[in-house]
Amino acid sequence: MIASRFESPLPAAPTPVRFPPIERTTLANGLSVWTIPHGAVPVVTVVLVLPRGTADDPADRPGLVSLTGDLLDEGAGDRDAIALADAFARLGAQLEIDVGPDATTIAVSALARDLDACLSLVADIAQRPRMTSADVRRVRDLRISRLRQLSQTPGTVADRAFVAGIFGDHPYGHGALGTTASLQALADDEPRAFWEHQYGPEGATIVVAGAVTPAEVTAGTHRTFGDWRANMRPRTWDERVALKSDPRIVLVDRPSAPQSELRIGHVGTPRRTSSYHALVTLNAVLGGQFTSRINRALREEQAVTYGARSSFDFRRVSGGFCCETSVQADATARAVADVLGQFEAIREDGNLGEAELDRAKASLTRGYVRNFETAAQLARAAAQLVTFGLDDDVFDRFVPQVEAVTVPVAAETARAFVRPADTTVVVVGDAATVRGPLESLGHRIVQADPEF
């Protein structure tokens with residue numbers, strides 16, 4: 001029988017994930033070495049994971065860790081920035097340096113035959129960055145200019161206000177780029193001092209995935225990283241710091257703005273939570289995909305936005321839960337009420353149905369295996385294991401554990417982790433237009449001007 005063209009096709013069964021085994025060794029200096037042989041094509045990806053991220057910024061120097069990471073490829077060893085870029089280009093290699101809240105990663109992909117050359121270049125960047133005063137000043141000035149630009153971008157203003165709103169003075173509560181005041185006060189030698197005392201083999205892991213053998217990787221890392229020594233100091237903040245909710249509406253005035261940028265959410269949970277699979281499944285129903293409830297309500301039913309989404313930002317210590325969207329200015333209060341209404345509704349008994357949950361699970365599981373096809377994907381997945389302290393079989397368990405989420409489990413998860421009463425609402429818009437309607441919602445309103 002031929003299905004009607006008005007019937008959605010049924011999804012096929014999900015393909016199970018079998019993450020390759022990781023071969024581990026540790027150098028005498030404490031550097032962990034992980035090898036993931038993957039010989040499908042003759043390429044290799046190297047990822048060095050350093051356990052220092054933007055949360056390690058000193059309280060009076062937001063942006064220092066990110067700036068330090070940005071300086072790593074501005075010359076290293078006997079190469080200046082141009083010579084270093086040329087060395088990677090000659091290998092056809094792609095270098096990426098990323099500074100997240102919990103870790104800094106240095107990643108490079110190239111042909112497997114160039115493994116030793118790639119390891120040598122990464123070793124130079126990590127162990128022998130130049131960080132000259134001229135480079136520090138130039139990169140710092142570029143960042144200050146970037147901050148001026150971003151301060152005029154409603155989405156970035158909303159993101160910064162939301163992070164500060166839910167995390168407060170916790171190390172997670174500031175933007176990666178820092179502030180103009182912090183950067184202007186930064187001495188030329190501060191990035192190098194941070195690198196000297198916070199970068200080193202202790203606690204670091206190098207992941208190598210591709211058409212290589214563990215013996216090749218061990219020999220190469222011993223040659224290039226074996227002599228790495230550092231006078232590392234303990235991290236500057238306590239991961240046990242408690243986070244408290246402070247529900248309110250944070251209003252950032254943008255006079256005459258035709259739209260309002262919204263961020264609505266609260267403090268979330270760490271990546272290692274046992275409810276992870278139920279949370280991502282629940283979010284797929286609520287706002288994690290185009291057909292989710294929040295997007296349908298605001299885009300299709302209210303017609304006040306081009307799109308709205310929600311997400312859990314899982315970090316090592318905590319995280320955030322947030323709905324983000326941009327709506328017509330005159331619909332601001334109504335959109336906030338609708339989102340909070342969706343938060344409340346999904347917590348109610350009998351609100352979530354089997355069919356809706358099955359569609360959410362299918363959206364998460366049917367294409368999940370595609371995340372582990374290449375050496376680069378495997379290396380970056382392993383970097384997640386390092387950063388968040390996850391078990392080796394975490395990716396293998398994703399599909400079956402999402403499939404196992406039931407309606408009662410999802411409902412209980414919603415009641416535990418979606419907390420409308422703890423919600424901070426950030427509105428970046430025309431205060432003259434939106435303040436009155438927002439007051440009718442009955443929430444405390446504070447006006448703010450995020451620091452850039």
# chains A, B, ... in the order shown; residues from 1 in each chain; ligands from 1
call {"tool": "residues_around", "arguments": {"residues": "range 139-154 of chain A", "least_positions_apart": "6", "cutoff": "7 Å", "atoms": "only C-alpha atoms", "output": "list in words"}}
result
Thr180, Leu183, Glu261, Val428 and Phe452 of chain A
call {"tool": "select_by_dssp", "arguments": {"residues": "range 207-264 of chain A", "states": "alpha helix (DSSP H)", "output": "list in words"}}
result
Pro214, Ala215, Glu216, Val217, Thr218, Ala219, Gly220, Thr221, His222, Arg223, Thr224 and Phe225 of chain A
call {"tool": "write_last_selection", "arguments": {"atoms": "N, CA and C atoms", "output": "PDB file, in the first residue's frame"}}
result
ATOM      1  N   PRO A 214      49.533   3.168  17.767  1.00  0.00           N
ATOM      2  CA  PRO A 214      49.923   3.657  19.087  1.00  0.00           C
ATOM      3  C   PRO A 214      51.440   3.785  19.239  1.00  0.00           C
ATOM      4  N   ALA A 215      52.193   2.875  18.637  1.00  0.00           N
ATOM      5  CA  ALA A 215      53.654   2.953  18.744  1.00  0.00           C
ATOM      6  C   ALA A 215      54.178   4.222  18.079  1.00  0.00           C
ATOM      7  N   GLU A 216      53.635   4.561  16.911  1.00  0.00           N
ATOM      8  CA  GLU A 216      54.059   5.781  16.222  1.00  0.00           C
ATOM      9  C   GLU A 216      53.727   7.024  17.055  1.00  0.00           C
ATOM     10  N   VAL A 217      52.551   7.028  17.638  1.00  0.00           N
ATOM     11  CA  VAL A 217      52.127   8.185  18.419  1.00  0.00           C
ATOM     12  C   VAL A 217      52.968   8.315  19.687  1.00  0.00           C
ATOM     13  N   THR A 218      53.197   7.202  20.358  1.00  0.00           N
ATOM     14  CA  THR A 218      54.000   7.245  21.583  1.00  0.00           C
ATOM     15  C   THR A 218      55.408   7.752  21.294  1.00  0.00           C
ATOM     16  N   ALA A 219      56.013   7.239  20.235  1.00  0.00           N
ATOM     17  CA  ALA A 219      57.363   7.680  19.880  1.00  0.00           C
ATOM     18  C   ALA A 219      57.371   9.156  19.508  1.00  0.00           C
ATOM     19  N   GLY A 220      56.389   9.590  18.719  1.00  0.00           N
ATOM     20  CA  GLY A 220      56.345  10.985  18.292  1.00  0.00           C
ATOM     21  C   GLY A 220      56.099  11.941  19.432  1.00  0.00           C
ATOM     22  N   THR A 221      55.179  11.600  20.335  1.00  0.00           N
ATOM     23  CA  THR A 221      54.899  12.506  21.457  1.00  0.00           C
ATOM     24  C   THR A 221      56.055  12.522  22.454  1.00  0.00           C
ATOM     25  N   HIS A 222      56.719  11.383  22.622  1.00  0.00           N
ATOM     26  CA  HIS A 222      57.879  11.367  23.523  1.00  0.00           C
ATOM     27  C   HIS A 222      58.973  12.280  22.976  1.00  0.00           C
ATOM     28  N   ARG A 223      59.168  12.248  21.670  1.00  0.00           N
ATOM     29  CA  ARG A 223      60.215  13.087  21.073  1.00  0.00           C
ATOM     30  C   ARG A 223      59.869  14.575  21.166  1.00  0.00           C
ATOM     31  N   THR A 224      58.613  14.929  20.962  1.00  0.00           N
ATOM     32  CA  THR A 224      58.235  16.343  20.870  1.00  0.00           C
ATOM     33  C   THR A 224      57.741  16.936  22.186  1.00  0.00           C
ATOM     34  N   PHE A 225      57.172  16.089  23.067  1.00  0.00           N
ATOM     35  CA  PHE A 225      56.614  16.602  24.325  1.00  0.00           C
ATOM     36  C   PHE A 225      57.311  16.039  25.562  1.00  0.00           C
TER      37      PHE A 225
END
call {"tool": "residues_around", "arguments": {"residues": "Phe343 in chain A", "least_positions_apart": "2", "cutoff": "12 Å", "atoms": "only C-alpha atoms", "output": "ChimeraX atom specification"}}
result
/A:264-266,282-283,285-287,293-294,310,321-323,336-341,345-348,351,411,414-423
call {"tool": "write_last_selection", "arguments": {"atoms": "N, CA and C atoms", "output": "mmCIF file, in the first residue's frame"}}
result
data_model
loop_
_atom_site.group_PDB
_atom_site.id
_atom_site.type_symbol
_atom_site.label_atom_id
_atom_site.label_comp_id
_atom_site.auth_asym_id
_atom_site.auth_seq_id
_atom_site.Cartn_x
_atom_site.Cartn_y
_atom_site.Cartn_z
ATOM 1 N N ILE A 264 15.899 33.591 28.001
ATOM 2 C CA ILE A 264 15.017 33.214 29.106
ATOM 3 C C ILE A 264 15.479 31.868 29.644
ATOM 4 N N GLY A 265 15.942 31.834 30.887
ATOM 5 C CA GLY A 265 16.421 30.567 31.425
ATOM 6 C C GLY A 265 16.991 30.697 32.816
ATOM 7 N N HIS A 266 17.807 29.727 33.191
ATOM 8 C CA HIS A 266 18.335 29.679 34.554
ATOM 9 C C HIS A 266 19.565 28.778 34.598
ATOM 10 N N LEU A 282 14.191 15.732 26.331
ATOM 11 C CA LEU A 282 13.181 16.710 26.735
ATOM 12 C C LEU A 282 13.348 18.014 25.965
ATOM 13 N N ASN A 283 14.585 18.472 25.815
ATOM 14 C CA ASN A 283 14.813 19.730 25.121
ATOM 15 C C ASN A 283 14.440 19.645 23.647
ATOM 16 N N VAL A 285 11.930 18.137 22.509
ATOM 17 C CA VAL A 285 10.490 18.393 22.502
ATOM 18 C C VAL A 285 10.208 19.871 22.720
ATOM 19 N N LEU A 286 10.892 20.450 23.687
ATOM 20 C CA LEU A 286 10.579 21.811 24.122
ATOM 21 C C LEU A 286 11.072 22.876 23.158
ATOM 22 N N GLY A 287 12.342 22.818 22.753
ATOM 23 C CA GLY A 287 12.854 23.891 21.904
ATOM 24 C C GLY A 287 14.128 23.581 21.163
ATOM 25 N N ARG A 293 8.125 22.778 20.459
ATOM 26 C CA ARG A 293 6.972 23.523 20.948
ATOM 27 C C ARG A 293 7.183 25.038 20.929
ATOM 28 N N ILE A 294 8.314 25.489 21.437
ATOM 29 C CA ILE A 294 8.525 26.933 21.548
ATOM 30 C C ILE A 294 8.574 27.577 20.168
ATOM 31 N N SER A 310 15.685 26.450 22.338
ATOM 32 C CA SER A 310 16.185 26.317 23.701
ATOM 33 C C SER A 310 17.320 25.303 23.713
ATOM 34 N N PHE A 321 20.489 26.697 31.207
ATOM 35 C CA PHE A 321 19.359 26.346 30.355
ATOM 36 C C PHE A 321 18.776 27.648 29.840
ATOM 37 N N CYS A 322 18.588 27.747 28.502
ATOM 38 C CA CYS A 322 18.196 29.034 27.943
ATOM 39 C C CYS A 322 17.341 28.862 26.693
ATOM 40 N N CYS A 323 16.309 29.687 26.592
ATOM 41 C CA CYS A 323 15.572 29.871 25.338
ATOM 42 C C CYS A 323 16.016 31.194 24.755
ATOM 43 N N VAL A 336 7.562 36.540 26.069
ATOM 44 C CA VAL A 336 8.120 36.075 27.345
ATOM 45 C C VAL A 336 7.095 35.214 28.076
ATOM 46 N N ALA A 337 5.844 35.684 28.116
ATOM 47 C CA ALA A 337 4.794 34.918 28.788
ATOM 48 C C ALA A 337 4.577 33.571 28.112
ATOM 49 N N ASP A 338 4.636 33.548 26.779
ATOM 50 C CA ASP A 338 4.449 32.296 26.052
ATOM 51 C C ASP A 338 5.558 31.297 26.371
ATOM 52 N N VAL A 339 6.804 31.781 26.390
ATOM 53 C CA VAL A 339 7.921 30.880 26.685
ATOM 54 C C VAL A 339 7.804 30.342 28.102
ATOM 55 N N LEU A 340 7.538 31.220 29.063
ATOM 56 C CA LEU A 340 7.379 30.759 30.438
ATOM 57 C C LEU A 340 6.190 29.796 30.548
ATOM 58 N N GLY A 341 5.168 30.055 29.750
ATOM 59 C CA GLY A 341 4.030 29.139 29.719
ATOM 60 C C GLY A 341 4.416 27.768 29.197
ATOM 61 N N ALA A 345 4.064 24.319 31.136
ATOM 62 C CA ALA A 345 3.214 23.271 30.576
ATOM 63 C C ALA A 345 3.917 21.924 30.522
ATOM 64 N N ILE A 346 5.186 21.926 30.142
ATOM 65 C CA ILE A 346 5.874 20.648 29.959
ATOM 66 C C ILE A 346 6.132 19.949 31.288
ATOM 67 N N ARG A 347 5.959 20.672 32.396
ATOM 68 C CA ARG A 347 6.110 20.089 33.732
ATOM 69 C C ARG A 347 4.829 19.415 34.217
ATOM 70 N N GLU A 348 3.722 19.650 33.532
ATOM 71 C CA GLU A 348 2.423 19.164 34.006
ATOM 72 C C GLU A 348 2.219 17.690 33.679
ATOM 73 N N ASN A 351 0.981 16.150 30.053
ATOM 74 C CA ASN A 351 1.190 17.132 28.996
ATOM 75 C C ASN A 351 2.011 16.579 27.830
ATOM 76 N N ALA A 411 8.799 13.547 31.962
ATOM 77 C CA ALA A 411 7.989 14.454 32.769
ATOM 78 C C ALA A 411 8.662 14.760 34.106
ATOM 79 N N ALA A 414 11.524 17.112 33.504
ATOM 80 C CA ALA A 414 11.054 18.487 33.307
ATOM 81 C C ALA A 414 10.776 19.158 34.641
ATOM 82 N N ARG A 415 10.145 18.443 35.561
ATOM 83 C CA ARG A 415 9.833 19.041 36.863
ATOM 84 C C ARG A 415 11.094 19.327 37.665
ATOM 85 N N ALA A 416 12.121 18.528 37.455
ATOM 86 C CA ALA A 416 13.354 18.712 38.221
ATOM 87 C C ALA A 416 14.273 19.766 37.629
ATOM 88 N N PHE A 417 14.291 19.890 36.285
ATOM 89 C CA PHE A 417 15.327 20.698 35.647
ATOM 90 C C PHE A 417 14.818 21.905 34.865
ATOM 91 N N VAL A 418 13.518 22.013 34.624
ATOM 92 C CA VAL A 418 12.953 23.212 34.005
ATOM 93 C C VAL A 418 12.188 23.931 35.100
ATOM 94 N N ARG A 419 12.722 25.073 35.534
ATOM 95 C CA ARG A 419 12.232 25.718 36.749
ATOM 96 C C ARG A 419 11.780 27.154 36.447
ATOM 97 N N PRO A 420 10.555 27.346 36.021
ATOM 98 C CA PRO A 420 10.084 28.699 35.684
ATOM 99 C C PRO A 420 10.246 29.697 36.821
ATOM 100 N N ALA A 421 10.098 29.239 38.066
ATOM 101 C CA ALA A 421 10.191 30.157 39.198
ATOM 102 C C ALA A 421 11.604 30.691 39.398
ATOM 103 N N ASP A 422 12.606 30.010 38.838
ATOM 104 C CA ASP A 422 14.001 30.451 38.987
ATOM 105 C C ASP A 422 14.513 31.214 37.771
ATOM 106 N N THR A 423 13.630 31.533 36.849
ATOM 107 C CA THR A 423 14.062 32.022 35.541
ATOM 108 C C THR A 423 14.489 33.483 35.556
#
call {"tool": "select_by_dssp", "arguments": {"residues": "range 248-310 of chain A", "states": "strand (DSSP E)", "output": "list of chain:residue names"}}
result
A:Arg248, A:Ile249, A:Val250, A:Leu251, A:Val252, A:Asp253, A:Gln259, A:Ser260, A:Glu261, A:Leu262, A:Arg263, A:Ile264, A:Gly265, A:His266, A:Val267, A:Ala308, A:Arg309, A:Ser310
call {"tool": "write_last_selection", "arguments": {"atoms": "N, CA and C atoms", "output": "PDB file, in the first residue's frame"}}
result
ATOM      1  N   ARG A 248      14.435  37.292  37.759  1.00  0.00           N
ATOM      2  CA  ARG A 248      14.077  38.688  37.513  1.00  0.00           C
ATOM      3  C   ARG A 248      14.066  38.914  36.013  1.00  0.00           C
ATOM      4  N   ILE A 249      13.649  40.110  35.604  1.00  0.00           N
ATOM      5  CA  ILE A 249      13.766  40.543  34.220  1.00  0.00           C
ATOM      6  C   ILE A 249      14.893  41.566  34.154  1.00  0.00           C
ATOM      7  N   VAL A 250      15.892  41.274  33.341  1.00  0.00           N
ATOM      8  CA  VAL A 250      17.011  42.194  33.124  1.00  0.00           C
ATOM      9  C   VAL A 250      16.742  42.927  31.813  1.00  0.00           C
ATOM     10  N   LEU A 251      16.545  44.230  31.902  1.00  0.00           N
ATOM     11  CA  LEU A 251      16.177  45.036  30.735  1.00  0.00           C
ATOM     12  C   LEU A 251      17.361  45.882  30.302  1.00  0.00           C
ATOM     13  N   VAL A 252      17.786  45.681  29.062  1.00  0.00           N
ATOM     14  CA  VAL A 252      18.869  46.475  28.468  1.00  0.00           C
ATOM     15  C   VAL A 252      18.241  47.379  27.408  1.00  0.00           C
ATOM     16  N   ASP A 253      18.314  48.659  27.616  1.00  0.00           N
ATOM     17  CA  ASP A 253      17.610  49.606  26.747  1.00  0.00           C
ATOM     18  C   ASP A 253      18.353  49.823  25.434  1.00  0.00           C
ATOM     19  N   GLN A 259      12.949  45.441  17.299  1.00  0.00           N
ATOM     20  CA  GLN A 259      12.836  44.088  17.825  1.00  0.00           C
ATOM     21  C   GLN A 259      13.447  44.018  19.214  1.00  0.00           C
ATOM     22  N   SER A 260      13.072  42.991  19.947  1.00  0.00           N
ATOM     23  CA  SER A 260      13.671  42.710  21.249  1.00  0.00           C
ATOM     24  C   SER A 260      14.388  41.374  21.179  1.00  0.00           C
ATOM     25  N   GLU A 261      15.595  41.359  21.664  1.00  0.00           N
ATOM     26  CA  GLU A 261      16.365  40.122  21.764  1.00  0.00           C
ATOM     27  C   GLU A 261      16.090  39.526  23.141  1.00  0.00           C
ATOM     28  N   LEU A 262      15.707  38.254  23.190  1.00  0.00           N
ATOM     29  CA  LEU A 262      15.313  37.623  24.444  1.00  0.00           C
ATOM     30  C   LEU A 262      16.220  36.450  24.786  1.00  0.00           C
ATOM     31  N   ARG A 263      16.539  36.333  26.083  1.00  0.00           N
ATOM     32  CA  ARG A 263      17.177  35.143  26.636  1.00  0.00           C
ATOM     33  C   ARG A 263      16.411  34.809  27.912  1.00  0.00           C
ATOM     34  N   ILE A 264      15.899  33.591  28.001  1.00  0.00           N
ATOM     35  CA  ILE A 264      15.017  33.214  29.106  1.00  0.00           C
ATOM     36  C   ILE A 264      15.479  31.868  29.644  1.00  0.00           C
ATOM     37  N   GLY A 265      15.942  31.834  30.887  1.00  0.00           N
ATOM     38  CA  GLY A 265      16.421  30.567  31.425  1.00  0.00           C
ATOM     39  C   GLY A 265      16.991  30.697  32.816  1.00  0.00           C
ATOM     40  N   HIS A 266      17.807  29.727  33.191  1.00  0.00           N
ATOM     41  CA  HIS A 266      18.335  29.679  34.554  1.00  0.00           C
ATOM     42  C   HIS A 266      19.565  28.778  34.598  1.00  0.00           C
ATOM     43  N   VAL A 267      20.182  28.681  35.768  1.00  0.00           N
ATOM     44  CA  VAL A 267      21.336  27.808  35.960  1.00  0.00           C
ATOM     45  C   VAL A 267      20.931  26.370  35.663  1.00  0.00           C
ATOM     46  N   ALA A 308      12.872  30.388  17.256  1.00  0.00           N
ATOM     47  CA  ALA A 308      13.178  30.365  18.685  1.00  0.00           C
ATOM     48  C   ALA A 308      13.673  28.973  19.037  1.00  0.00           C
ATOM     49  N   ARG A 309      14.644  28.909  19.917  1.00  0.00           N
ATOM     50  CA  ARG A 309      15.203  27.608  20.292  1.00  0.00           C
ATOM     51  C   ARG A 309      15.609  27.621  21.760  1.00  0.00           C
ATOM     52  N   SER A 310      15.685  26.450  22.338  1.00  0.00           N
ATOM     53  CA  SER A 310      16.185  26.317  23.701  1.00  0.00           C
ATOM     54  C   SER A 310      17.320  25.303  23.713  1.00  0.00           C
TER      55      SER A 310
END
call {"tool": "closest_residue", "arguments": {"among": "A:Asp114, A:Asp391, A:Glu439, A:Asp57", "to": "Asp169 in chain A", "atoms": "only C-alpha atoms"}}
result
A:Asp57
call {"tool": "atom_distance", "arguments": {"atom1": "CA of Ser326 in chain A", "atom2": "CA of Thr305 in chain A"}}
result
6.1 Å
